[in-house]
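Text of structure.txt, listed as compact mmCIF, N, CA and C atoms:
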# COMPACT_ATOMS: atom_id res chain seq x y z
N MET A 128 -14.44 -12.47 -4.60
CA MET A 128 -15.87 -12.24 -4.77
C MET A 128 -16.18 -10.78 -4.48
N GLY A 129 -17.09 -10.22 -5.27
CA GLY A 129 -17.48 -8.83 -5.12
C GLY A 129 -18.42 -8.64 -3.94
N TYR A 130 -18.85 -7.42 -3.77
CA TYR A 130 -19.71 -7.05 -2.64
C TYR A 130 -21.08 -7.74 -2.73
N PHE A 131 -21.64 -7.80 -3.93
CA PHE A 131 -22.97 -8.39 -4.11
C PHE A 131 -22.85 -9.86 -4.48
N ALA A 132 -23.63 -10.70 -3.82
CA ALA A 132 -23.59 -12.14 -4.09
C ALA A 132 -24.24 -12.48 -5.43
N ASP A 133 -25.29 -11.73 -5.79
CA ASP A 133 -26.02 -12.03 -7.02
C ASP A 133 -26.84 -10.80 -7.44
N SER A 134 -27.52 -10.93 -8.57
CA SER A 134 -28.30 -9.79 -9.09
C SER A 134 -29.41 -9.38 -8.13
N GLN A 135 -29.96 -10.33 -7.39
CA GLN A 135 -31.04 -9.99 -6.45
C GLN A 135 -30.56 -9.03 -5.37
N GLU A 136 -29.30 -9.18 -4.96
CA GLU A 136 -28.75 -8.23 -3.98
C GLU A 136 -28.57 -6.84 -4.60
N VAL A 137 -28.17 -6.80 -5.86
CA VAL A 137 -28.05 -5.50 -6.54
C VAL A 137 -29.42 -4.81 -6.53
N TYR A 138 -30.46 -5.56 -6.86
CA TYR A 138 -31.80 -4.98 -6.89
C TYR A 138 -32.26 -4.59 -5.48
N ARG A 139 -31.95 -5.45 -4.50
CA ARG A 139 -32.37 -5.21 -3.12
C ARG A 139 -31.76 -3.92 -2.57
N TYR A 140 -30.51 -3.66 -2.89
CA TYR A 140 -29.84 -2.50 -2.30
C TYR A 140 -29.85 -1.27 -3.22
N ILE A 141 -29.35 -1.40 -4.43
CA ILE A 141 -29.30 -0.23 -5.31
C ILE A 141 -30.70 0.15 -5.79
N GLY A 142 -31.47 -0.83 -6.20
CA GLY A 142 -32.85 -0.55 -6.63
C GLY A 142 -33.67 0.07 -5.51
N GLN A 143 -33.51 -0.47 -4.30
CA GLN A 143 -34.25 0.06 -3.16
C GLN A 143 -33.82 1.49 -2.81
N ALA A 144 -32.55 1.81 -3.02
CA ALA A 144 -32.10 3.17 -2.75
C ALA A 144 -32.86 4.17 -3.63
N PHE A 145 -33.09 3.81 -4.89
CA PHE A 145 -33.87 4.69 -5.77
C PHE A 145 -35.31 4.80 -5.28
N ARG A 146 -35.87 3.69 -4.81
CA ARG A 146 -37.25 3.73 -4.30
C ARG A 146 -37.35 4.62 -3.05
N LEU A 147 -36.36 4.53 -2.18
CA LEU A 147 -36.35 5.38 -0.99
C LEU A 147 -36.17 6.85 -1.37
N ALA A 148 -35.39 7.10 -2.41
CA ALA A 148 -35.17 8.48 -2.86
C ALA A 148 -36.48 9.12 -3.28
N GLN A 149 -37.38 8.32 -3.83
CA GLN A 149 -38.69 8.82 -4.24
C GLN A 149 -39.40 9.48 -3.06
N GLU A 150 -39.26 8.90 -1.88
CA GLU A 150 -39.96 9.40 -0.69
C GLU A 150 -39.17 10.46 0.07
N ASP A 151 -37.90 10.63 -0.25
CA ASP A 151 -37.04 11.56 0.46
C ASP A 151 -37.35 13.00 0.05
N ALA A 152 -37.56 13.86 1.05
CA ALA A 152 -37.95 15.25 0.77
C ALA A 152 -36.87 16.02 0.02
N GLN A 153 -35.61 15.69 0.23
CA GLN A 153 -34.52 16.40 -0.45
C GLN A 153 -34.24 15.79 -1.83
N ALA A 154 -34.08 14.48 -1.88
CA ALA A 154 -33.67 13.82 -3.12
C ALA A 154 -34.81 13.68 -4.13
N GLY A 155 -35.98 13.29 -3.66
CA GLY A 155 -37.09 12.97 -4.55
C GLY A 155 -37.44 14.05 -5.56
N PRO A 156 -37.73 15.27 -5.12
CA PRO A 156 -38.13 16.31 -6.07
C PRO A 156 -37.04 16.64 -7.10
N LYS A 157 -35.80 16.67 -6.67
CA LYS A 157 -34.71 16.98 -7.60
C LYS A 157 -34.52 15.88 -8.63
N LEU A 158 -34.59 14.64 -8.19
CA LEU A 158 -34.41 13.53 -9.13
C LEU A 158 -35.59 13.44 -10.10
N ARG A 159 -36.81 13.63 -9.61
CA ARG A 159 -37.98 13.59 -10.51
C ARG A 159 -37.91 14.72 -11.53
N ALA A 160 -37.40 15.87 -11.12
CA ALA A 160 -37.31 17.02 -12.02
C ALA A 160 -36.29 16.80 -13.14
N ALA A 161 -35.40 15.82 -12.98
CA ALA A 161 -34.40 15.54 -14.02
C ALA A 161 -35.06 15.08 -15.32
N ASN A 162 -36.21 14.43 -15.21
CA ASN A 162 -36.97 13.97 -16.38
C ASN A 162 -36.08 13.21 -17.37
N VAL A 163 -35.48 12.13 -16.88
CA VAL A 163 -34.56 11.35 -17.71
C VAL A 163 -34.75 9.86 -17.41
N LYS A 164 -34.56 9.04 -18.44
CA LYS A 164 -34.60 7.57 -18.29
C LYS A 164 -33.18 7.05 -18.35
N VAL A 165 -32.80 6.28 -17.34
CA VAL A 165 -31.44 5.76 -17.24
C VAL A 165 -31.49 4.24 -17.16
N ARG A 166 -30.64 3.62 -17.94
CA ARG A 166 -30.45 2.17 -17.83
C ARG A 166 -29.07 1.94 -17.23
N LEU A 167 -29.03 1.18 -16.16
CA LEU A 167 -27.77 0.85 -15.48
C LEU A 167 -27.49 -0.62 -15.69
N ASP A 168 -26.44 -0.92 -16.42
CA ASP A 168 -26.01 -2.30 -16.64
C ASP A 168 -24.79 -2.56 -15.76
N PHE A 169 -24.92 -3.53 -14.88
CA PHE A 169 -23.85 -3.87 -13.95
C PHE A 169 -23.22 -5.20 -14.34
N THR A 170 -21.95 -5.33 -14.01
CA THR A 170 -21.25 -6.60 -14.16
C THR A 170 -20.79 -7.08 -12.79
N ASP A 171 -20.59 -8.36 -12.68
CA ASP A 171 -20.03 -8.99 -11.46
C ASP A 171 -20.78 -8.65 -10.19
N PRO A 172 -22.02 -9.04 -10.04
CA PRO A 172 -22.84 -9.87 -10.91
C PRO A 172 -23.56 -9.03 -11.95
N GLN A 173 -24.01 -9.73 -12.98
CA GLN A 173 -24.78 -9.05 -14.03
C GLN A 173 -26.16 -8.71 -13.51
N ALA A 174 -26.53 -7.45 -13.70
CA ALA A 174 -27.85 -6.97 -13.30
C ALA A 174 -28.14 -5.72 -14.11
N THR A 175 -29.42 -5.45 -14.31
CA THR A 175 -29.84 -4.26 -15.03
C THR A 175 -30.97 -3.58 -14.27
N LEU A 176 -30.84 -2.28 -14.11
CA LEU A 176 -31.90 -1.46 -13.55
C LEU A 176 -32.27 -0.38 -14.56
N ASN A 177 -33.54 -0.24 -14.83
CA ASN A 177 -34.05 0.86 -15.64
C ASN A 177 -34.74 1.80 -14.67
N VAL A 178 -34.29 3.04 -14.65
CA VAL A 178 -34.84 4.01 -13.70
C VAL A 178 -35.35 5.22 -14.47
N ARG A 179 -36.61 5.54 -14.23
CA ARG A 179 -37.22 6.72 -14.85
C ARG A 179 -37.36 7.80 -13.79
N PHE A 180 -36.58 8.85 -13.96
CA PHE A 180 -36.65 9.99 -13.06
C PHE A 180 -37.60 10.99 -13.69
N ALA A 181 -38.84 11.00 -13.25
CA ALA A 181 -39.85 11.89 -13.83
C ALA A 181 -41.03 11.99 -12.87
N GLU A 182 -41.81 13.03 -13.07
CA GLU A 182 -43.05 13.19 -12.30
C GLU A 182 -44.07 12.20 -12.86
N PRO A 183 -44.93 11.62 -12.08
CA PRO A 183 -45.15 11.91 -10.67
C PRO A 183 -44.30 11.08 -9.71
N GLU A 184 -43.55 10.08 -10.24
CA GLU A 184 -42.74 9.26 -9.34
C GLU A 184 -41.54 8.66 -10.07
N ILE A 185 -40.53 8.33 -9.28
CA ILE A 185 -39.38 7.60 -9.80
C ILE A 185 -39.80 6.15 -9.96
N GLN A 186 -39.57 5.60 -11.14
CA GLN A 186 -39.91 4.19 -11.38
C GLN A 186 -38.63 3.38 -11.53
N VAL A 187 -38.60 2.23 -10.88
CA VAL A 187 -37.45 1.34 -10.94
C VAL A 187 -37.92 0.00 -11.50
N ILE A 188 -37.31 -0.40 -12.61
CA ILE A 188 -37.66 -1.67 -13.25
C ILE A 188 -36.42 -2.56 -13.22
N GLU A 189 -36.55 -3.68 -12.55
CA GLU A 189 -35.44 -4.61 -12.40
C GLU A 189 -35.36 -5.52 -13.61
N GLY A 190 -34.15 -5.77 -14.06
CA GLY A 190 -33.95 -6.64 -15.21
C GLY A 190 -33.98 -5.84 -16.49
N GLY A 191 -33.65 -6.48 -17.57
CA GLY A 191 -33.55 -5.79 -18.85
C GLY A 191 -34.83 -5.81 -19.66
N ASN A 192 -35.98 -5.80 -19.00
CA ASN A 192 -37.23 -5.96 -19.73
C ASN A 192 -37.99 -4.66 -19.98
N ASP A 193 -37.34 -3.53 -19.86
CA ASP A 193 -37.99 -2.25 -20.18
C ASP A 193 -37.91 -2.04 -21.68
N THR A 194 -39.04 -1.77 -22.31
CA THR A 194 -39.06 -1.63 -23.77
C THR A 194 -38.72 -0.22 -24.23
N GLU A 195 -38.71 0.75 -23.32
CA GLU A 195 -38.40 2.13 -23.70
C GLU A 195 -36.90 2.31 -23.86
N GLN A 196 -36.53 3.11 -24.82
CA GLN A 196 -35.12 3.45 -25.04
C GLN A 196 -34.68 4.43 -23.95
N PRO A 197 -33.59 4.14 -23.23
CA PRO A 197 -33.14 5.09 -22.21
C PRO A 197 -32.48 6.31 -22.83
N ASP A 198 -32.52 7.42 -22.09
CA ASP A 198 -31.79 8.62 -22.50
C ASP A 198 -30.30 8.42 -22.25
N ILE A 199 -30.00 7.71 -21.16
CA ILE A 199 -28.61 7.47 -20.75
C ILE A 199 -28.45 5.98 -20.44
N LEU A 200 -27.37 5.41 -20.93
CA LEU A 200 -27.00 4.04 -20.60
C LEU A 200 -25.65 4.09 -19.90
N LEU A 201 -25.59 3.53 -18.70
CA LEU A 201 -24.34 3.46 -17.95
C LEU A 201 -23.99 2.01 -17.70
N ARG A 202 -22.73 1.65 -17.96
CA ARG A 202 -22.24 0.30 -17.70
C ARG A 202 -21.06 0.41 -16.73
N MET A 203 -21.11 -0.41 -15.68
CA MET A 203 -20.03 -0.40 -14.69
C MET A 203 -20.11 -1.69 -13.87
N SER A 204 -19.06 -1.95 -13.12
CA SER A 204 -19.10 -3.09 -12.22
C SER A 204 -20.04 -2.77 -11.06
N ALA A 205 -20.65 -3.79 -10.52
CA ALA A 205 -21.51 -3.60 -9.36
C ALA A 205 -20.71 -3.09 -8.17
N ASP A 206 -19.44 -3.50 -8.06
CA ASP A 206 -18.59 -3.00 -6.97
C ASP A 206 -18.36 -1.50 -7.09
N ASN A 207 -18.13 -0.99 -8.29
CA ASN A 207 -17.98 0.46 -8.46
C ASN A 207 -19.28 1.18 -8.14
N ALA A 208 -20.41 0.58 -8.51
CA ALA A 208 -21.71 1.17 -8.18
C ALA A 208 -21.89 1.23 -6.66
N ASP A 209 -21.51 0.16 -5.96
CA ASP A 209 -21.59 0.15 -4.50
C ASP A 209 -20.74 1.28 -3.92
N LYS A 210 -19.54 1.43 -4.40
CA LYS A 210 -18.65 2.50 -3.91
C LYS A 210 -19.25 3.88 -4.22
N PHE A 211 -19.84 4.02 -5.42
CA PHE A 211 -20.45 5.30 -5.79
C PHE A 211 -21.56 5.66 -4.81
N TRP A 212 -22.47 4.72 -4.53
CA TRP A 212 -23.61 5.01 -3.67
C TRP A 212 -23.21 5.22 -2.22
N ARG A 213 -22.02 4.78 -1.86
CA ARG A 213 -21.49 5.08 -0.52
C ARG A 213 -20.83 6.46 -0.49
N GLY A 214 -20.63 7.06 -1.67
CA GLY A 214 -19.96 8.35 -1.75
C GLY A 214 -18.45 8.21 -1.82
N GLU A 215 -17.98 7.02 -2.18
CA GLU A 215 -16.54 6.71 -2.18
C GLU A 215 -15.95 6.56 -3.58
N TYR A 216 -16.74 6.81 -4.62
CA TYR A 216 -16.27 6.60 -5.99
C TYR A 216 -16.70 7.78 -6.84
N ASN A 217 -15.75 8.39 -7.51
CA ASN A 217 -16.02 9.53 -8.37
C ASN A 217 -16.39 8.99 -9.76
N ALA A 218 -17.68 9.01 -10.08
CA ALA A 218 -18.15 8.46 -11.35
C ALA A 218 -17.63 9.26 -12.54
N ALA A 219 -17.47 10.56 -12.40
CA ALA A 219 -16.93 11.37 -13.50
C ALA A 219 -15.50 10.93 -13.82
N LEU A 220 -14.72 10.66 -12.79
CA LEU A 220 -13.36 10.16 -12.99
C LEU A 220 -13.40 8.75 -13.58
N GLY A 221 -14.36 7.94 -13.12
CA GLY A 221 -14.54 6.59 -13.67
C GLY A 221 -14.87 6.64 -15.15
N LEU A 222 -15.66 7.62 -15.57
CA LEU A 222 -15.95 7.81 -16.99
C LEU A 222 -14.67 8.14 -17.75
N ALA A 223 -13.88 9.05 -17.18
CA ALA A 223 -12.63 9.45 -17.84
C ALA A 223 -11.65 8.29 -17.95
N LYS A 224 -11.62 7.41 -16.95
CA LYS A 224 -10.70 6.27 -16.94
C LYS A 224 -11.23 5.08 -17.75
N GLY A 225 -12.49 5.13 -18.15
CA GLY A 225 -13.08 4.02 -18.89
C GLY A 225 -13.63 2.92 -17.99
N GLU A 226 -13.67 3.13 -16.69
CA GLU A 226 -14.25 2.15 -15.76
C GLU A 226 -15.76 2.18 -15.82
N VAL A 227 -16.30 3.32 -16.20
CA VAL A 227 -17.73 3.49 -16.40
C VAL A 227 -17.92 3.86 -17.86
N LYS A 228 -18.77 3.13 -18.53
CA LYS A 228 -19.08 3.42 -19.93
C LYS A 228 -20.44 4.10 -19.99
N ALA A 229 -20.53 5.12 -20.79
CA ALA A 229 -21.79 5.85 -20.91
C ALA A 229 -22.18 6.00 -22.37
N ARG A 230 -23.47 5.92 -22.61
CA ARG A 230 -24.01 6.22 -23.93
C ARG A 230 -25.18 7.18 -23.71
N GLY A 231 -25.19 8.22 -24.48
CA GLY A 231 -26.20 9.26 -24.33
C GLY A 231 -25.50 10.58 -24.12
N PRO A 232 -26.26 11.64 -24.00
CA PRO A 232 -25.66 12.97 -23.84
C PRO A 232 -24.84 13.06 -22.54
N VAL A 233 -23.56 13.30 -22.68
CA VAL A 233 -22.68 13.40 -21.52
C VAL A 233 -23.14 14.51 -20.58
N SER A 234 -23.69 15.58 -21.14
CA SER A 234 -24.17 16.68 -20.30
C SER A 234 -25.26 16.22 -19.35
N LYS A 235 -26.14 15.31 -19.81
CA LYS A 235 -27.19 14.78 -18.94
C LYS A 235 -26.59 13.91 -17.85
N VAL A 236 -25.59 13.12 -18.20
CA VAL A 236 -24.93 12.26 -17.22
C VAL A 236 -24.30 13.12 -16.14
N LEU A 237 -23.55 14.12 -16.53
CA LEU A 237 -22.85 14.97 -15.57
C LEU A 237 -23.82 15.80 -14.73
N ARG A 238 -24.96 16.14 -15.30
CA ARG A 238 -25.98 16.89 -14.55
C ARG A 238 -26.67 15.99 -13.51
N LEU A 239 -26.80 14.72 -13.82
CA LEU A 239 -27.48 13.78 -12.94
C LEU A 239 -26.62 13.36 -11.74
N LEU A 240 -25.31 13.28 -11.93
CA LEU A 240 -24.41 12.79 -10.87
C LEU A 240 -24.55 13.56 -9.55
N PRO A 241 -24.51 14.89 -9.55
CA PRO A 241 -24.64 15.59 -8.27
C PRO A 241 -26.00 15.40 -7.59
N LEU A 242 -27.02 15.11 -8.38
CA LEU A 242 -28.36 14.89 -7.82
C LEU A 242 -28.41 13.61 -6.99
N ALA A 243 -27.44 12.73 -7.19
CA ALA A 243 -27.41 11.45 -6.48
C ALA A 243 -26.92 11.60 -5.04
N LYS A 244 -26.22 12.66 -4.73
CA LYS A 244 -25.60 12.79 -3.39
C LYS A 244 -26.58 12.62 -2.23
N PRO A 245 -27.79 13.17 -2.28
CA PRO A 245 -28.71 12.95 -1.15
C PRO A 245 -29.13 11.49 -0.98
N VAL A 246 -28.88 10.67 -1.98
CA VAL A 246 -29.23 9.24 -1.90
C VAL A 246 -28.15 8.45 -1.14
N PHE A 247 -26.95 8.99 -1.05
CA PHE A 247 -25.85 8.27 -0.40
C PHE A 247 -26.20 7.80 1.01
N PRO A 248 -26.72 8.68 1.89
CA PRO A 248 -27.03 8.19 3.24
C PRO A 248 -28.14 7.13 3.25
N LEU A 249 -29.09 7.23 2.32
CA LEU A 249 -30.14 6.22 2.22
C LEU A 249 -29.53 4.87 1.88
N TYR A 250 -28.61 4.86 0.93
CA TYR A 250 -27.95 3.62 0.52
C TYR A 250 -27.11 3.06 1.67
N ARG A 251 -26.35 3.91 2.33
CA ARG A 251 -25.50 3.43 3.43
C ARG A 251 -26.33 2.80 4.53
N THR A 252 -27.51 3.35 4.80
CA THR A 252 -28.41 2.76 5.79
C THR A 252 -28.88 1.38 5.33
N LEU A 253 -29.20 1.26 4.05
CA LEU A 253 -29.64 -0.03 3.51
C LEU A 253 -28.59 -1.12 3.65
N VAL A 254 -27.33 -0.78 3.38
CA VAL A 254 -26.28 -1.81 3.38
C VAL A 254 -25.63 -2.00 4.75
N ALA A 255 -26.01 -1.20 5.75
CA ALA A 255 -25.37 -1.27 7.07
C ALA A 255 -25.46 -2.67 7.68
N GLU A 256 -26.61 -3.31 7.57
CA GLU A 256 -26.76 -4.65 8.15
C GLU A 256 -25.90 -5.67 7.41
N LYS A 257 -25.87 -5.57 6.09
CA LYS A 257 -25.03 -6.48 5.29
C LYS A 257 -23.56 -6.27 5.65
N ASP A 258 -23.16 -5.02 5.81
CA ASP A 258 -21.77 -4.73 6.18
C ASP A 258 -21.44 -5.32 7.55
N ALA A 259 -22.37 -5.21 8.50
CA ALA A 259 -22.14 -5.75 9.84
C ALA A 259 -21.98 -7.27 9.79
N ARG A 260 -22.80 -7.94 8.95
CA ARG A 260 -22.68 -9.41 8.81
C ARG A 260 -21.33 -9.79 8.21
N LYS A 261 -20.90 -9.02 7.19
CA LYS A 261 -19.60 -9.32 6.55
C LYS A 261 -18.45 -9.11 7.52
N SER A 262 -18.55 -8.08 8.37
CA SER A 262 -17.49 -7.81 9.34
C SER A 262 -17.40 -8.90 10.41
N ALA A 263 -18.55 -9.49 10.73
CA ALA A 263 -18.60 -10.53 11.77
C ALA A 263 -18.02 -11.86 11.27
N GLN A 264 -17.91 -12.01 9.97
CA GLN A 264 -17.42 -13.29 9.42
C GLN A 264 -15.93 -13.43 9.54
Let's see the structure in the file written out as structure tokens.
Amino acid sequence: MGYFADSQEVYRYIGQAFRLAQEDAQAGPKLRAANVKVRLDFTDPQATLNVRFAEPEIQVIEGGNDTEQPDILLRMSADNADKFWRGEYNAALGLAKGEVKARGPVSKVLRLLPLAKPVFPLYRTLVAEKDARKSAQ
């Protein structure tokens, strides 16, 4: 079994990390300035997040019900996404290996990846309690 029990956990942790980034003084302005729409399709469990990085706020839409065409579409396992947000997975290498599939301008994808780094500690804080429960089992 993977790290996430179901799609709701993907939304609770990864989706919430984007919401926290909105309020973060370091991450928020840089991510909003990217002015890009990203659709993240995860497997194991299946989940979709549509994230709009633009002024005046980062918007996170859970599920595949966003009618706007994304600028970038990324497909990956939820476990690889978890590792990425912990700072333990090189997404550029994952793209090269085919573990991460991307559609859209590669230059935008590669430009967006470094902007995610300030979100890593926010994500690790979110999953700390879940990690502690898993360790206790």
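For the residues A:Asp198, A:Asn162, A:Phe169, A:Ala208, ranking by smallest atom-to-atom distance to Gln186 (chain A) using only C-alpha atoms places A:Asn162 first.
Our summary of the geometry notes that CA of Phe131 (chain A) is positioned 8.7 Å from CA of Asp209 (chain A).
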Based on the backbone DSSP call, show me all residues of region 130-233 of chain A assigned helix (DSSP H, G or I), as an mmCIF file with N, CA and C atoms, keeping the file's coordinate frame.
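Okay, result12.cif is ready:
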data_model
loop_
_atom_site.group_PDB
_atom_site.id
_atom_site.type_symbol
_atom_site.label_atom_id
_atom_site.label_comp_id
_atom_site.auth_asym_id
_atom_site.auth_seq_id
_atom_site.Cartn_x
_atom_site.Cartn_y
_atom_site.Cartn_z
ATOM 1 N N SER A 134 -27.520 -10.930 -8.570
ATOM 2 C CA SER A 134 -28.300 -9.790 -9.090
ATOM 3 C C SER A 134 -29.410 -9.380 -8.130
ATOM 4 N N GLN A 135 -29.960 -10.330 -7.390
ATOM 5 C CA GLN A 135 -31.040 -9.990 -6.450
ATOM 6 C C GLN A 135 -30.560 -9.030 -5.370
ATOM 7 N N GLU A 136 -29.300 -9.180 -4.960
ATOM 8 C CA GLU A 136 -28.750 -8.230 -3.980
ATOM 9 C C GLU A 136 -28.570 -6.840 -4.600
ATOM 10 N N VAL A 137 -28.170 -6.800 -5.860
ATOM 11 C CA VAL A 137 -28.050 -5.500 -6.540
ATOM 12 C C VAL A 137 -29.420 -4.810 -6.530
ATOM 13 N N TYR A 138 -30.460 -5.560 -6.860
ATOM 14 C CA TYR A 138 -31.800 -4.980 -6.890
ATOM 15 C C TYR A 138 -32.260 -4.590 -5.480
ATOM 16 N N ARG A 139 -31.950 -5.450 -4.500
ATOM 17 C CA ARG A 139 -32.370 -5.210 -3.120
ATOM 18 C C ARG A 139 -31.760 -3.920 -2.570
ATOM 19 N N TYR A 140 -30.510 -3.660 -2.890
ATOM 20 C CA TYR A 140 -29.840 -2.500 -2.300
ATOM 21 C C TYR A 140 -29.850 -1.270 -3.220
ATOM 22 N N ILE A 141 -29.350 -1.400 -4.430
ATOM 23 C CA ILE A 141 -29.300 -0.230 -5.310
ATOM 24 C C ILE A 141 -30.700 0.150 -5.790
ATOM 25 N N GLY A 142 -31.470 -0.830 -6.200
ATOM 26 C CA GLY A 142 -32.850 -0.550 -6.630
ATOM 27 C C GLY A 142 -33.670 0.070 -5.510
ATOM 28 N N GLN A 143 -33.510 -0.470 -4.300
ATOM 29 C CA GLN A 143 -34.250 0.060 -3.160
ATOM 30 C C GLN A 143 -33.820 1.490 -2.810
ATOM 31 N N ALA A 144 -32.550 1.810 -3.020
ATOM 32 C CA ALA A 144 -32.100 3.170 -2.750
ATOM 33 C C ALA A 144 -32.860 4.170 -3.630
ATOM 34 N N PHE A 145 -33.090 3.810 -4.890
ATOM 35 C CA PHE A 145 -33.870 4.690 -5.770
ATOM 36 C C PHE A 145 -35.310 4.800 -5.280
ATOM 37 N N ARG A 146 -35.870 3.690 -4.810
ATOM 38 C CA ARG A 146 -37.250 3.730 -4.300
ATOM 39 C C ARG A 146 -37.350 4.620 -3.050
ATOM 40 N N LEU A 147 -36.360 4.530 -2.180
ATOM 41 C CA LEU A 147 -36.350 5.380 -0.990
ATOM 42 C C LEU A 147 -36.170 6.850 -1.370
ATOM 43 N N ALA A 148 -35.390 7.100 -2.410
ATOM 44 C CA ALA A 148 -35.170 8.480 -2.860
ATOM 45 C C ALA A 148 -36.480 9.120 -3.280
ATOM 46 N N GLN A 149 -37.380 8.320 -3.830
ATOM 47 C CA GLN A 149 -38.690 8.820 -4.240
ATOM 48 C C GLN A 149 -39.400 9.480 -3.060
ATOM 49 N N GLU A 150 -39.260 8.900 -1.880
ATOM 50 C CA GLU A 150 -39.960 9.400 -0.690
ATOM 51 C C GLU A 150 -39.170 10.460 0.070
ATOM 52 N N ALA A 154 -34.080 14.480 -1.880
ATOM 53 C CA ALA A 154 -33.670 13.820 -3.120
ATOM 54 C C ALA A 154 -34.810 13.680 -4.130
ATOM 55 N N GLY A 155 -35.980 13.290 -3.660
ATOM 56 C CA GLY A 155 -37.090 12.970 -4.550
ATOM 57 C C GLY A 155 -37.440 14.050 -5.560
ATOM 58 N N PRO A 156 -37.730 15.270 -5.120
ATOM 59 C CA PRO A 156 -38.130 16.310 -6.070
ATOM 60 C C PRO A 156 -37.040 16.640 -7.100
ATOM 61 N N LYS A 157 -35.800 16.670 -6.670
ATOM 62 C CA LYS A 157 -34.710 16.980 -7.600
ATOM 63 C C LYS A 157 -34.520 15.880 -8.630
ATOM 64 N N LEU A 158 -34.590 14.640 -8.190
ATOM 65 C CA LEU A 158 -34.410 13.530 -9.130
ATOM 66 C C LEU A 158 -35.590 13.440 -10.100
ATOM 67 N N ARG A 159 -36.810 13.630 -9.610
ATOM 68 C CA ARG A 159 -37.980 13.590 -10.510
ATOM 69 C C ARG A 159 -37.910 14.720 -11.530
ATOM 70 N N ALA A 160 -37.400 15.870 -11.120
ATOM 71 C CA ALA A 160 -37.310 17.020 -12.020
ATOM 72 C C ALA A 160 -36.290 16.800 -13.140
ATOM 73 N N ALA A 205 -20.650 -3.790 -10.520
ATOM 74 C CA ALA A 205 -21.510 -3.600 -9.360
ATOM 75 C C ALA A 205 -20.710 -3.090 -8.170
ATOM 76 N N ASP A 206 -19.440 -3.500 -8.060
ATOM 77 C CA ASP A 206 -18.590 -3.000 -6.970
ATOM 78 C C ASP A 206 -18.360 -1.500 -7.090
ATOM 79 N N ASN A 207 -18.130 -0.990 -8.290
ATOM 80 C CA ASN A 207 -17.980 0.460 -8.460
ATOM 81 C C ASN A 207 -19.280 1.180 -8.140
ATOM 82 N N ALA A 208 -20.410 0.580 -8.510
ATOM 83 C CA ALA A 208 -21.710 1.170 -8.180
ATOM 84 C C ALA A 208 -21.890 1.230 -6.660
ATOM 85 N N ASP A 209 -21.510 0.160 -5.960
ATOM 86 C CA ASP A 209 -21.590 0.150 -4.500
ATOM 87 C C ASP A 209 -20.740 1.280 -3.920
ATOM 88 N N LYS A 210 -19.540 1.430 -4.400
ATOM 89 C CA LYS A 210 -18.650 2.500 -3.910
ATOM 90 C C LYS A 210 -19.250 3.880 -4.220
ATOM 91 N N PHE A 211 -19.840 4.020 -5.420
ATOM 92 C CA PHE A 211 -20.450 5.300 -5.790
ATOM 93 C C PHE A 211 -21.560 5.660 -4.810
ATOM 94 N N TRP A 212 -22.470 4.720 -4.530
ATOM 95 C CA TRP A 212 -23.610 5.010 -3.670
ATOM 96 C C TRP A 212 -23.210 5.220 -2.220
ATOM 97 N N ARG A 213 -22.020 4.780 -1.860
ATOM 98 C CA ARG A 213 -21.490 5.080 -0.520
ATOM 99 C C ARG A 213 -20.830 6.460 -0.490
ATOM 100 N N ALA A 218 -17.680 9.010 -10.080
ATOM 101 C CA ALA A 218 -18.150 8.460 -11.350
ATOM 102 C C ALA A 218 -17.630 9.260 -12.540
ATOM 103 N N ALA A 219 -17.470 10.560 -12.400
ATOM 104 C CA ALA A 219 -16.930 11.370 -13.500
ATOM 105 C C ALA A 219 -15.500 10.930 -13.820
ATOM 106 N N LEU A 220 -14.720 10.660 -12.790
ATOM 107 C CA LEU A 220 -13.360 10.160 -12.990
ATOM 108 C C LEU A 220 -13.400 8.750 -13.580
ATOM 109 N N GLY A 221 -14.360 7.940 -13.120
ATOM 110 C CA GLY A 221 -14.540 6.590 -13.670
ATOM 111 C C GLY A 221 -14.870 6.640 -15.150
ATOM 112 N N LEU A 222 -15.660 7.620 -15.570
ATOM 113 C CA LEU A 222 -15.950 7.810 -16.990
ATOM 114 C C LEU A 222 -14.670 8.140 -17.750
ATOM 115 N N ALA A 223 -13.880 9.050 -17.180
ATOM 116 C CA ALA A 223 -12.630 9.450 -17.840
ATOM 117 C C ALA A 223 -11.650 8.290 -17.950
ATOM 118 N N LYS A 224 -11.620 7.410 -16.950
ATOM 119 C CA LYS A 224 -10.700 6.270 -16.940
ATOM 120 C C LYS A 224 -11.230 5.080 -17.750
ATOM 121 N N VAL A 233 -23.560 13.300 -22.680
ATOM 122 C CA VAL A 233 -22.680 13.400 -21.520
ATOM 123 C C VAL A 233 -23.140 14.510 -20.580
#
Legend entry - Distance criterion (all atoms listed in the file): nearest to Val227 (chain A) out of A:Pro245, A:Glu215, A:Gln143, A:Met203: A:Met203
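Between atom N of Tyr140 (chain A) and CA of Leu220 (chain A) lies a distance of 24.2 Å.
Residue nearest Ala154 (chain A), chosen from A:Arg166, A:Arg260, A:Arg251, A:Lys244 and counting only N, CA and C atoms: A:Lys244.
Comparing the minimum interatomic distances between Trp212 (chain A) and each of A:Ala263, A:Ala132, A:Pro248, A:Val165, counting all atoms listed in the file, we find that A:Pro248 sits nearest.
Considering all atoms listed in the file, the residue among A:Ala148, A:Met128, A:Arg139, A:Ile199 positioned nearest to Val246 (chain A) is A:Ala148.
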